[in-house]
Amino acid sequence: MNLTGMRAIYSYKNASSGVQYGKAKTYGSGANRYPNLYAKENGSGINTTTVKTNGIGISENGYDTPTTETSSIANNGLTITQTYYNFNSMPKEYFYNSEIYDMIFNVERYYWLGSRCNNCHLIPDFGIFNIGNLYIGGRNMISGDGTIGYSDRYIRPQVCLNTNLQLIECKGENSSTNMHTINKK
């Protein structure tokens, strides 16, 4: 994304709570269930109003081996940082490279991204970003009340690409498959 796109993300506010992207909200007693991985993340606050600043980022792996951990409850308050945002029609002008934008957003299916998000609704929501059909946003995987969320998205590999790349569309053996060759400009 370019600077205009990043500014749009940082100005995003949750419609129900008014909490702005990057700002924290503390929930008192009540619906305070959180995924165990969240306790390791920057911006988390388990049983405190102070948020962690020496943890992992929302796109970092928190485990070195597979885990069966699920969730825990913060009995004395839960502080979460708003990292969720969405755009129902992501503007092409928010990106440096329009070819990469077209390859990612102009698809008919929705795909999971490898980044977690936290949404400050009336109760806290923890989810994963998804993208497709000009949309980017998150889907709730677990709420503070323990409700389990969505699982209706496809998996698509995600890679980081420099802005100095050129995408050249080519056809595979199946002519309906859109494939791209990536070259440096």
# chains A, B, ... in the order shown; residues from 1 in each chain; ligands from 1
>>> closest_atom_pairs(of="region 100-136 of chain A", to="region 86-96 of chain A", cutoff="9 Å", atoms="only C-alpha atoms", output="Markdown table")
| residue | atom | partner | partner_atom | distance |
| --- | --- | --- | --- | --- |
| A:Ile100 | CA | A:Phe95 | CA | 8.4 |
| A:Tyr101 | CA | A:Lys92 | CA | 6.5 |
| A:Asp102 | CA | A:Lys92 | CA | 8.2 |
| A:Phe105 | CA | A:Met90 | CA | 7.9 |
| A:Phe129 | CA | A:Asn86 | CA | 9.0 |
| A:Asn133 | CA | A:Ser89 | CA | 8.2 |
| A:Leu134 | CA | A:Ser89 | CA | 5.0 |
| A:Tyr135 | CA | A:Asn88 | CA | 4.7 |
| A:Ile136 | CA | A:Asn86 | CA | 5.4 |
>>> write_last_selection(atoms="C-alpha atoms", output="PDB file, in the first residue's frame")
ATOM      1  CA  ILE A 100      -0.509  -6.285  -8.188  1.00  0.00           C
ATOM      2  CA  TYR A 101      -3.750  -4.658  -7.021  1.00  0.00           C
ATOM      3  CA  ASP A 102      -5.632  -6.251  -9.935  1.00  0.00           C
ATOM      4  CA  PHE A 105      -8.434  -7.748  -5.535  1.00  0.00           C
ATOM      5  CA  PHE A 129      -8.037 -10.760   7.552  1.00  0.00           C
ATOM      6  CA  ASN A 133     -13.602  -9.054  -5.003  1.00  0.00           C
ATOM      7  CA  LEU A 134     -12.333  -5.513  -4.158  1.00  0.00           C
ATOM      8  CA  TYR A 135     -12.882  -6.171  -0.413  1.00  0.00           C
ATOM      9  CA  ILE A 136     -10.404  -6.335   2.447  1.00  0.00           C
TER      10      ILE A 136
END
>>> atom_distance(atom1="CA of Gly146 (chain A)", atom2="CA of Tyr34 (chain A)")
8.1 Å
>>> select_by_dssp(residues="region 33-158 of chain A", states="alpha helix (DSSP H)", output="number ranges by chain")
A: 98-105
>>> residues_around(residues="Thr79 (chain A)", least_positions_apart="6", cutoff="10 Å", atoms="only C-alpha atoms", output="list in words")
Ala24, Lys25, Thr26, Tyr27, Gly28, Asn32, Gly43, Ser44, Gly45, Ile46, Asn47, Thr48, Thr49, Thr50, Val51, Lys52, Cys120 and Pro124 of chain A
>>> closest_residue(among="A:Thr4, A:Asn76, A:Gln82, A:Ser59", to="Arg116 (chain A)", atoms="only C-alpha atoms")
A:Ser59
>>> residues_around(residues="Gly138 (chain A)", least_positions_apart="6", cutoff="12 Å", atoms="only C-alpha atoms", output="ChimeraX atom specification")
/A:82-88,110-119,125-132,149-151,153
>>> residues_around(residues="Leu37 (chain A)", least_positions_apart="4", cutoff="12 Å", atoms="only C-alpha atoms", output="VMD selection string")
chain A and resid 33 41 to 42 44 46 55 to 63 67 to 72 116 to 117 126 to 127
